[in-house]
file target09.txt (compact mmCIF, C-alpha atoms and all ligand atoms)
# COMPACT_ATOMS: atom_id res chain seq x y z
CA MET B 20 104.54 111.79 103.16
CA ARG B 21 104.38 110.91 106.86
CA PRO B 22 106.22 107.68 107.81
CA ARG B 23 103.88 104.81 108.65
CA PRO B 24 103.73 104.20 112.45
CA THR B 25 105.67 101.19 113.73
CA ARG B 26 103.32 100.75 116.69
CA LEU B 27 99.82 101.97 117.67
CA VAL B 28 98.85 102.55 121.30
CA LEU B 29 96.05 104.00 123.39
CA LEU B 30 97.34 105.80 126.49
CA GLY B 31 94.96 106.06 129.46
CA HIS B 32 94.57 105.25 133.15
CA PRO B 33 92.49 103.15 133.44
CA VAL B 34 92.10 102.00 129.87
CA SER B 35 90.72 98.45 129.94
CA HIS B 36 87.11 99.71 129.51
CA SER B 37 87.93 101.45 126.21
CA LEU B 38 86.16 100.36 123.02
CA SER B 39 88.87 101.89 120.80
CA PRO B 40 90.98 98.70 120.44
CA VAL B 41 87.88 96.83 119.21
CA PHE B 42 87.10 99.14 116.30
CA GLN B 43 90.67 100.28 115.53
CA ASN B 44 91.85 96.66 115.19
CA ALA B 45 88.85 95.96 112.92
CA ALA B 46 89.88 98.94 110.77
CA LEU B 47 93.50 97.73 110.63
CA ARG B 48 92.39 94.25 109.57
CA ALA B 49 90.04 95.67 106.92
CA ALA B 50 92.88 97.79 105.52
CA GLY B 51 95.36 94.89 105.61
CA ILE B 52 97.75 96.84 107.86
CA PRO B 53 99.88 94.41 109.92
CA LEU B 54 99.73 96.31 113.22
CA THR B 55 97.84 95.75 116.46
CA TYR B 56 96.31 98.69 118.34
CA GLU B 57 97.31 98.16 121.98
CA ALA B 58 95.70 99.65 125.10
CA CYS B 59 98.45 100.89 127.49
CA ASP B 60 97.48 101.62 131.08
CA VAL B 61 100.05 104.22 132.12
CA ALA B 62 100.14 106.00 135.48
CA PRO B 63 100.65 109.78 135.26
CA SER B 64 104.09 109.45 136.88
CA ASP B 65 105.23 107.10 134.06
CA LEU B 66 103.81 109.08 131.13
CA GLU B 67 106.86 111.17 130.24
CA THR B 68 109.23 108.18 130.14
CA LEU B 69 106.78 106.13 128.10
CA LEU B 70 106.29 108.95 125.58
CA GLY B 71 110.07 109.22 125.13
CA GLY B 72 110.23 105.51 124.27
CA LEU B 73 107.27 105.75 121.89
CA VAL B 74 108.90 108.61 119.99
CA ARG B 75 112.12 106.62 119.62
CA GLN B 76 110.07 103.69 118.24
CA GLY B 77 108.19 105.88 115.74
CA ALA B 78 104.87 105.03 117.38
CA ALA B 79 101.49 106.75 116.99
CA GLY B 80 98.24 106.48 118.87
CA ASN B 81 95.38 107.94 120.87
CA VAL B 82 95.15 109.46 124.32
CA THR B 83 92.28 109.25 126.76
CA ALA B 84 91.61 110.40 130.33
CA PRO B 85 93.51 111.54 132.29
CA HIS B 86 96.44 112.18 129.93
CA LYS B 87 95.06 114.45 127.16
CA ALA B 88 96.36 117.73 128.60
CA ALA B 89 99.69 116.24 129.74
CA VAL B 90 100.39 114.82 126.27
CA ALA B 91 99.56 118.23 124.77
CA GLY B 92 102.23 119.69 127.05
CA ALA B 93 104.76 117.06 125.96
CA CYS B 94 104.35 117.54 122.18
CA ALA B 95 106.97 119.34 120.09
CA HIS B 96 104.22 120.55 117.76
CA LEU B 97 100.44 120.88 118.15
CA THR B 98 97.90 121.28 115.36
CA PRO B 99 95.81 124.48 115.66
CA VAL B 100 92.77 122.58 116.95
CA ALA B 101 94.80 120.72 119.58
CA ARG B 102 96.17 124.08 120.75
CA GLN B 103 92.67 125.57 120.80
CA VAL B 104 91.22 122.63 122.77
CA GLY B 105 94.29 122.37 125.02
CA ALA B 106 94.26 118.60 124.71
CA VAL B 107 95.66 115.86 122.47
CA ASN B 108 93.69 112.72 121.66
CA THR B 109 95.77 111.71 118.61
CA PHE B 110 99.54 111.73 118.16
CA TRP B 111 102.23 110.50 115.85
CA THR B 112 105.99 110.83 115.44
CA GLU B 113 107.66 112.85 112.71
CA ASN B 114 111.44 113.32 112.39
CA GLY B 115 111.90 112.10 115.96
CA ALA B 116 109.38 114.60 117.37
CA LEU B 117 105.96 114.11 118.94
CA ILE B 118 103.09 115.76 117.03
CA GLY B 119 99.74 116.22 118.79
CA ASP B 120 96.31 116.62 117.22
CA ASN B 121 92.72 116.60 118.45
CA THR B 122 90.09 114.75 116.43
CA ASP B 123 87.39 114.97 119.14
CA ALA B 124 86.20 118.35 117.80
CA GLU B 125 85.75 117.10 114.22
CA GLY B 126 84.38 113.80 115.50
CA PHE B 127 81.71 115.71 117.44
CA HIS B 128 81.00 117.90 114.40
CA ASN B 129 80.50 114.84 112.18
CA ALA B 130 78.17 113.22 114.73
CA VAL B 131 76.04 116.39 114.91
CA VAL B 132 75.84 116.72 111.13
CA HIS B 133 74.77 113.08 110.91
CA LEU B 134 72.05 113.62 113.54
CA ARG B 135 70.68 116.88 112.11
CA GLY B 136 71.42 116.37 108.42
CA ALA B 137 73.29 119.70 108.25
CA THR B 138 75.82 121.84 110.07
CA PRO B 139 74.07 124.04 112.68
CA SER B 140 73.70 127.66 111.65
CA GLN B 141 72.59 130.68 113.72
CA ALA B 142 71.78 128.29 116.57
CA THR B 143 72.02 128.43 120.34
CA ILE B 144 73.76 125.42 121.84
CA ALA B 145 73.47 124.39 125.49
CA LEU B 146 76.61 122.70 126.77
CA LEU B 147 76.59 120.85 130.10
CA GLY B 148 80.16 120.36 131.34
CA ALA B 149 83.43 122.25 131.14
CA GLY B 150 86.16 119.61 130.91
CA GLY B 151 88.30 118.51 127.97
CA ALA B 152 85.39 117.10 125.97
CA ALA B 153 83.45 120.35 126.42
CA ALA B 154 86.46 122.27 125.05
CA ALA B 155 86.40 120.07 121.94
CA VAL B 156 82.67 120.80 121.55
CA LEU B 157 83.34 124.56 121.72
CA ALA B 158 86.11 124.24 119.10
CA ALA B 159 83.49 122.71 116.78
CA VAL B 160 80.85 125.34 117.63
CA ALA B 161 83.44 128.06 116.91
CA GLY B 162 83.57 126.78 113.32
CA TRP B 163 79.79 126.92 112.82
CA ASP B 164 78.02 129.89 111.23
CA ARG B 165 76.90 132.41 113.91
CA CYS B 166 76.34 129.81 116.63
CA THR B 167 76.81 130.48 120.33
CA ALA B 168 77.02 128.15 123.30
CA ARG B 169 75.72 128.62 126.84
CA VAL B 170 77.91 126.61 129.17
CA TRP B 171 76.75 125.25 132.52
CA ASN B 172 79.10 123.33 134.82
CA ARG B 173 78.80 121.92 138.34
CA THR B 174 81.85 124.01 139.26
CA PRO B 175 80.94 127.44 137.82
CA GLU B 176 84.51 128.78 137.86
CA ARG B 177 85.56 126.09 135.40
CA ALA B 178 82.75 127.11 133.01
CA ARG B 179 83.84 130.74 133.26
CA SER B 180 87.48 129.98 132.46
CA LEU B 181 86.52 127.67 129.57
CA CYS B 182 84.23 130.35 128.08
CA ALA B 183 87.02 132.93 128.38
CA ARG B 184 89.04 130.79 125.95
CA PHE B 185 86.23 131.00 123.34
CA PRO B 186 85.27 134.71 123.30
CA GLY B 187 82.26 135.53 121.13
CA VAL B 188 81.30 131.85 121.05
CA ALA B 189 80.67 130.73 124.63
CA ILE B 190 79.05 132.35 127.64
CA PRO B 191 78.65 130.81 131.09
CA ALA B 192 75.15 129.96 132.38
CA ASP B 193 74.28 129.93 136.08
CA THR B 194 71.70 127.15 135.84
CA THR B 195 70.87 124.26 133.52
CA ALA B 196 67.52 126.00 132.86
CA SER B 197 69.19 129.20 131.63
CA ALA B 198 71.62 127.15 129.52
CA THR B 199 68.93 125.11 127.79
CA ALA B 200 66.18 127.74 127.33
CA GLY B 201 65.56 128.10 123.59
CA ALA B 202 68.52 125.87 122.66
CA ALA B 203 68.40 124.08 119.31
CA LEU B 204 71.03 121.58 120.43
CA VAL B 205 71.72 120.34 123.97
CA VAL B 206 75.09 118.65 124.48
CA HIS B 207 76.02 116.70 127.58
CA ALA B 208 79.77 116.56 128.29
CA THR B 209 80.05 115.49 131.95
CA THR B 210 80.66 112.01 133.31
CA VAL B 211 77.09 111.65 134.63
CA GLY B 212 75.52 108.43 133.29
CA VAL B 213 78.79 106.65 132.51
CA THR B 214 77.56 104.03 134.96
CA GLY B 215 74.02 103.68 136.30
CA GLU B 216 70.88 105.44 135.16
CA ALA B 217 71.60 109.02 136.30
CA VAL B 218 70.71 111.76 133.78
CA PRO B 219 72.25 115.25 133.59
CA ILE B 220 68.87 117.01 133.21
CA ASP B 221 65.28 115.78 132.96
CA PRO B 222 64.49 115.64 129.19
CA ASP B 223 60.99 116.98 129.97
CA LEU B 224 62.68 120.30 130.83
CA LEU B 225 64.33 120.65 127.39
CA PRO B 226 62.83 122.69 124.51
CA ALA B 227 60.40 120.52 122.53
CA THR B 228 62.39 121.03 119.31
CA ALA B 229 65.90 120.53 120.73
CA ASP B 230 68.27 117.90 119.42
CA VAL B 231 70.20 116.03 122.07
CA VAL B 232 73.80 114.77 121.97
CA ASP B 233 75.15 112.80 124.91
CA LEU B 234 78.94 112.47 124.71
CA VAL B 235 78.71 109.59 127.17
CA TYR B 236 78.49 106.17 125.54
CA ARG B 237 77.85 102.67 126.77
CA ARG B 238 76.47 99.49 125.32
CA GLY B 239 72.68 99.82 125.02
CA GLU B 240 72.81 103.66 124.99
CA THR B 241 72.57 106.01 127.96
CA ALA B 242 69.43 106.51 130.04
CA TRP B 243 69.37 110.19 128.99
CA VAL B 244 69.30 109.35 125.27
CA ARG B 245 66.57 106.75 125.79
CA GLN B 246 64.47 109.22 127.82
CA ALA B 247 64.98 112.06 125.32
CA ARG B 248 63.84 109.81 122.45
CA ALA B 249 60.81 108.70 124.45
CA ARG B 250 59.92 112.38 124.67
CA GLY B 251 60.11 112.63 120.88
CA LEU B 252 63.47 114.43 120.63
CA ARG B 253 66.18 113.44 118.16
CA ALA B 254 68.97 112.08 120.32
CA VAL B 255 72.29 110.28 119.95
CA ASP B 256 74.85 109.03 122.43
CA GLY B 257 78.65 109.33 122.23
CA LEU B 258 79.29 106.29 120.04
CA PRO B 259 79.13 108.08 116.64
CA MET B 260 81.57 110.70 117.94
CA LEU B 261 83.82 107.97 119.32
CA ILE B 262 83.92 106.15 115.98
CA GLU B 263 84.42 109.40 114.07
CA GLN B 264 87.30 110.65 116.25
CA GLY B 265 88.90 107.22 115.81
CA ALA B 266 88.35 107.17 112.05
CA LEU B 267 89.86 110.66 111.73
CA ALA B 268 92.86 109.54 113.83
CA PHE B 269 93.32 106.56 111.48
CA GLU B 270 93.36 109.00 108.55
CA ARG B 271 96.06 111.07 110.27
CA TRP B 272 98.25 107.98 110.84
CA PHE B 273 97.84 106.26 107.46
CA GLY B 274 96.68 108.95 105.03
CA GLU B 275 93.65 106.88 104.07
CA ALA B 276 90.11 106.61 105.42
CA PRO B 277 89.31 103.44 107.37
CA ASP B 278 86.39 101.16 106.66
CA ARG B 279 83.84 102.76 109.01
CA ALA B 280 81.34 99.94 108.42
CA ALA B 281 83.93 97.43 109.68
CA MET B 282 84.44 99.61 112.77
CA TRP B 283 80.70 99.68 113.53
CA THR B 284 80.35 95.94 112.90
CA ALA B 285 83.16 95.23 115.37
CA LEU B 286 81.33 97.21 118.06
CA ALA B 287 78.08 95.37 117.42
CA GLY B 288 79.77 91.99 117.92
P1 LIG K 1 86.88 115.84 132.34
O1 LIG K 1 87.80 116.76 131.64
O2 LIG K 1 87.38 115.06 133.53
O3 LIG K 1 85.59 116.69 132.79
C1 LIG K 1 84.58 116.06 133.57
C2 LIG K 1 83.31 116.92 133.55
O4 LIG K 1 82.29 116.18 134.23
C3 LIG K 1 83.45 118.25 134.29
O5 LIG K 1 82.61 119.20 133.68
C4 LIG K 1 82.94 117.87 135.68
O6 LIG K 1 82.45 118.97 136.41
C5 LIG K 1 81.77 116.99 135.31
N1 LIG K 1 81.32 116.13 136.37
C6 LIG K 1 81.96 115.08 136.93
N2 LIG K 1 81.17 114.50 137.86
C7 LIG K 1 80.00 115.21 137.88
C8 LIG K 1 78.80 115.11 138.63
N3 LIG K 1 78.61 114.16 139.55
N4 LIG K 1 77.81 116.00 138.38
C9 LIG K 1 77.96 116.96 137.45
N5 LIG K 1 79.09 117.12 136.71
C10 LIG K 1 80.09 116.25 136.94
O7 LIG K 1 86.29 114.73 131.35
P2 LIG K 1 86.09 114.87 129.76
O8 LIG K 1 87.29 114.33 129.08
O9 LIG K 1 85.63 116.25 129.47
O10 LIG K 1 84.93 113.80 129.51
C11 LIG K 1 83.57 114.12 129.83
C12 LIG K 1 82.67 113.01 129.29
O11 LIG K 1 82.73 113.01 127.86
C13 LIG K 1 83.08 111.61 129.75
O12 LIG K 1 81.91 110.90 130.06
C14 LIG K 1 83.75 111.03 128.53
O13 LIG K 1 83.60 109.62 128.45
C15 LIG K 1 82.99 111.69 127.41
N6 LIG K 1 83.77 111.76 126.15
C16 LIG K 1 83.25 111.15 125.06
C17 LIG K 1 83.93 111.20 123.87
C18 LIG K 1 83.35 110.52 122.67
O14 LIG K 1 84.05 110.32 121.68
N7 LIG K 1 82.08 110.20 122.68
C19 LIG K 1 85.16 111.86 123.78
C20 LIG K 1 85.66 112.49 124.92
C21 LIG K 1 84.95 112.42 126.11
P3 LIG K 1 83.39 119.71 137.51
O15 LIG K 1 84.24 120.68 136.73
O16 LIG K 1 82.41 120.36 138.40
O17 LIG K 1 84.20 118.63 138.19

call {"tool": "encode", "arguments": {"input": "target09.txt", "output": "structure tokens", "more": "lines below"}}
Ligand code: NAP
result
Amino acid sequence: MRPRPTRLVLLGHPVSHSLSPVFQNAALRAAGIPLTYEACDVAPSDLETLLGGLVRQGAAGNVTAPHKAAVAGACAHLTPVARQVGAVNTFWTENGALIGDNTDAEGFHNAVVHLRGATPSQATIALLGAGGAAAAVLAAVAGWDRCTARVWNRTPERARSLCARFPGVAIPADTTASATAGAALVVHATTVGVTGEAVPIDPDLLPATADVVDLVYRRGETAWVRQARARGLRAVDGLPMLIEQGALAFERWFGEAPDRAAMWTALAG
């Protein structure tokens, strides 16, 4: 059995906007675990030294932008999905070594299954974006039955190199229109809409039967999700994925599922 972490941290830069401490501390309280989940704002130049100290302490935690790839590079061992995604969002310490995992892919999968009521099968997925979150989405799509993704990105070269890492699953698209044509599921994985009312693509241009997943989250939902719903599409923002990736991380650290209802209640407060 994995030793229980002595400390739980979230590594990011900046990190003060993160909702993770709110729902992770609610989960810790609900489970009666006497730890506090701390947000640590760490500059890239300080990351390596901090990680060394965390390993010595037997700490565990999460990683957010911009450190996910750097932490993957610093781990002694990566789970297969973390290697496939090329990024770590969850880590722990075992026998004095840093172990890196990625729960974003399964968190996204769980959010999609909740939205659609089933795992997609033989479906075309449109993916807007080609960063770390998009890689996690492709890792999930790779596990679905005969599904393929068309990937559009503002910088086309980045979409091409991401697709090359998922042969037989992902192909680059030159335009948002060619990505979304006939798609059963449209996933937004850029930073558009994190602040303000900008949308990645006009929902009126999406197939009338498409489901919509916005990885972006904010209190009150994103403008894109609101507009997609107004058009009659099933749509969800990034909050269910955020809670799920956090709940799965909790399971990795403690070997038990957290109280997801307590996590949701904490966010609503
Ligand atoms: P990332 O690796 O930095 O990638 C950023 C992506 O956004 C790239 O595709 C980038 O395109 C694109 N982009 C940035 N500004 C843009 C603009 N003005 N117009 C069009 N595209 C633009 O970030 P990430 O980690 O993949 O995160 C992407 C989003 O997913 C963020 O909003 C993040 O909050 C969200 N996310 C949510 C969850 C969750 O649990 N819900 C988990 C992870 C991430 P270029 O390549 O052209 O720069």

call {"tool": "residues_around", "arguments": {"input": "target09.txt", "residues": "Glu113 (chain B)", "least_positions_apart": "5", "cutoff": "8 Å", "atoms": "only C-alpha atoms", "output": "PyMOL selection string"}}
result
chain B and resi 21-22+77+118

call {"tool": "atom_distance", "arguments": {"input": "target09.txt", "atom1": "atom P3 of ligand LIG 1 (chain K)", "atom2": "CA of Gly212 (chain B)"}}
result
14.4 Å

call {"tool": "closest_residue", "arguments": {"input": "target09.txt", "among": "B:Gly187, B:Pro85, B:Gly148, B:Pro33", "to": "ligand LIG 1 (chain K)", "atoms": "only C-alpha atoms and all ligand atoms"}}
result
B:Gly148

call {"tool": "atom_distance", "arguments": {"input": "target09.txt", "atom1": "atom N2 of ligand LIG 1 (chain K)", "atom2": "CA of Leu146 (chain B)"}}
result
14.5 Å

call {"tool": "residues_near_ligand", "arguments": {"input": "target09.txt", "ligand": "ligand LIG 1 (chain K)", "cutoff": "7 Å", "atoms": "only C-alpha atoms and all ligand atoms", "output": "JSON, numbers by chain"}}
result
{"B": [84, 123, 148, 149, 150, 151, 152, 153, 172, 173, 174, 177, 208, 209, 210, 211, 213, 234, 235, 236, 257, 258, 260, 261, 264]}

call {"tool": "closest_residue", "arguments": {"input": "target09.txt", "among": "B:Ala78, B:Met282, B:Ala287, B:Ala62", "to": "Pro24 (chain B)", "atoms": "only C-alpha atoms"}}
result
B:Ala78

call {"tool": "residues_around", "arguments": {"input": "target09.txt", "residues": "Ala101 (chain B)", "least_positions_apart": "5", "cutoff": "7 Å", "atoms": "all atoms listed in the file", "output": "MDAnalysis selection string"}}
result
chainID B and resid 106:107 119:121

call {"tool": "atom_distance", "arguments": {"input": "target09.txt", "atom1": "CA of Asp164 (chain B)", "atom2": "CA of Arg245 (chain B)"}}
result
29.6 Å

call {"tool": "residues_near_point", "arguments": {"input": "target09.txt", "point": "(79.9, 101.7, 116.5)", "cutoff": "10 Å", "atoms": "all atoms listed in the file", "output": "list in words"}}
result
Leu38, Ser39, Val41, Phe42, Arg238, Gly257, Leu258, Pro259, Met260, Leu261, Ile262, Glu263, Arg279, Ala280, Ala281, Met282, Trp283, Thr284, Ala285, Leu286, Ala287 and Gly288 of chain B

call {"tool": "write_last_selection", "arguments": {"input": "target09.txt", "atoms": "C-alpha atoms", "output": "PDB file, in the coordinates of the input"}}
result
ATOM      1  CA  LEU B  38      86.160 100.360 123.020  1.00  0.00           C
ATOM      2  CA  SER B  39      88.870 101.890 120.800  1.00  0.00           C
ATOM      3  CA  VAL B  41      87.880  96.830 119.210  1.00  0.00           C
ATOM      4  CA  PHE B  42      87.100  99.140 116.300  1.00  0.00           C
ATOM      5  CA  ARG B 238      76.470  99.490 125.320  1.00  0.00           C
ATOM      6  CA  GLY B 257      78.650 109.330 122.230  1.00  0.00           C
ATOM      7  CA  LEU B 258      79.290 106.290 120.040  1.00  0.00           C
ATOM      8  CA  PRO B 259      79.130 108.080 116.640  1.00  0.00           C
ATOM      9  CA  MET B 260      81.570 110.700 117.940  1.00  0.00           C
ATOM     10  CA  LEU B 261      83.820 107.970 119.320  1.00  0.00           C
ATOM     11  CA  ILE B 262      83.920 106.150 115.980  1.00  0.00           C
ATOM     12  CA  GLU B 263      84.420 109.400 114.070  1.00  0.00           C
ATOM     13  CA  ARG B 279      83.840 102.760 109.010  1.00  0.00           C
ATOM     14  CA  ALA B 280      81.340  99.940 108.420  1.00  0.00           C
ATOM     15  CA  ALA B 281      83.930  97.430 109.680  1.00  0.00           C
ATOM     16  CA  MET B 282      84.440  99.610 112.770  1.00  0.00           C
ATOM     17  CA  TRP B 283      80.700  99.680 113.530  1.00  0.00           C
ATOM     18  CA  THR B 284      80.350  95.940 112.900  1.00  0.00           C
ATOM     19  CA  ALA B 285      83.160  95.230 115.370  1.00  0.00           C
ATOM     20  CA  LEU B 286      81.330  97.210 118.060  1.00  0.00           C
ATOM     21  CA  ALA B 287      78.080  95.370 117.420  1.00  0.00           C
ATOM     22  CA  GLY B 288      79.770  91.990 117.920  1.00  0.00           C
TER      23      GLY B 288
END

call {"tool": "residues_around", "arguments": {"input": "target09.txt", "residues": "Arg250 (chain B)", "least_positions_apart": "3", "cutoff": "12 Å", "atoms": "all atoms listed in the file", "output": "list in words"}}
result
Asp221, Pro222, Asp223, Leu224, Leu225, Pro226, Ala227, Thr228, Ala229, Asp230, Val231, Trp243, Val244, Arg245, Gln246, Ala247, Arg253 and Ala254 of chain B

call {"tool": "closest_residue", "arguments": {"input": "target09.txt", "among": "B:Asp193, B:Glu275, B:Glu270, B:Asp256", "to": "Ala178 (chain B)", "atoms": "all atoms listed in the file"}}
result
B:Asp193

call {"tool": "residues_around", "arguments": {"input": "target09.txt", "residues": "Leu117 (chain B)", "least_positions_apart": "4", "cutoff": "8 Å", "atoms": "all atoms listed in the file", "output": "list in words"}}
result
Val74, Ala93, Cys94, Ala95, His96, Phe110, Trp111, Thr112 and Glu113 of chain B

call {"tool": "write_last_selection", "arguments": {"input": "target09.txt", "atoms": "C-alpha atoms", "output": "mmCIF file, keeping the file's coordinate frame"}}
result
data_model
loop_
_atom_site.group_PDB
_atom_site.id
_atom_site.type_symbol
_atom_site.label_atom_id
_atom_site.label_comp_id
_atom_site.auth_asym_id
_atom_site.auth_seq_id
_atom_site.Cartn_x
_atom_site.Cartn_y
_atom_site.Cartn_z
ATOM 1 C CA VAL B 74 108.900 108.610 119.990
ATOM 2 C CA ALA B 93 104.760 117.060 125.960
ATOM 3 C CA CYS B 94 104.350 117.540 122.180
ATOM 4 C CA ALA B 95 106.970 119.340 120.090
ATOM 5 C CA HIS B 96 104.220 120.550 117.760
ATOM 6 C CA PHE B 110 99.540 111.730 118.160
ATOM 7 C CA TRP B 111 102.230 110.500 115.850
ATOM 8 C CA THR B 112 105.990 110.830 115.440
ATOM 9 C CA GLU B 113 107.660 112.850 112.710
#

call {"tool": "residues_around", "arguments": {"input": "target09.txt", "residues": "Arg165 (chain B)", "least_positions_apart": "3", "cutoff": "10 Å", "atoms": "all atoms listed in the file", "output": "tab-separated table (two decimals) with C-alpha atoms, keeping the file's coordinate frame"}}
result
chain	number	residue	atom	x	y	z
B	139	PRO	CA	74.07	124.04	112.68
B	140	SER	CA	73.70	127.66	111.65
B	141	GLN	CA	72.59	130.68	113.72
B	142	ALA	CA	71.78	128.29	116.57
B	143	THR	CA	72.02	128.43	120.34
B	160	VAL	CA	80.85	125.34	117.63
B	161	ALA	CA	83.44	128.06	116.91
B	162	GLY	CA	83.57	126.78	113.32
B	187	GLY	CA	82.26	135.53	121.13
B	188	VAL	CA	81.30	131.85	121.05
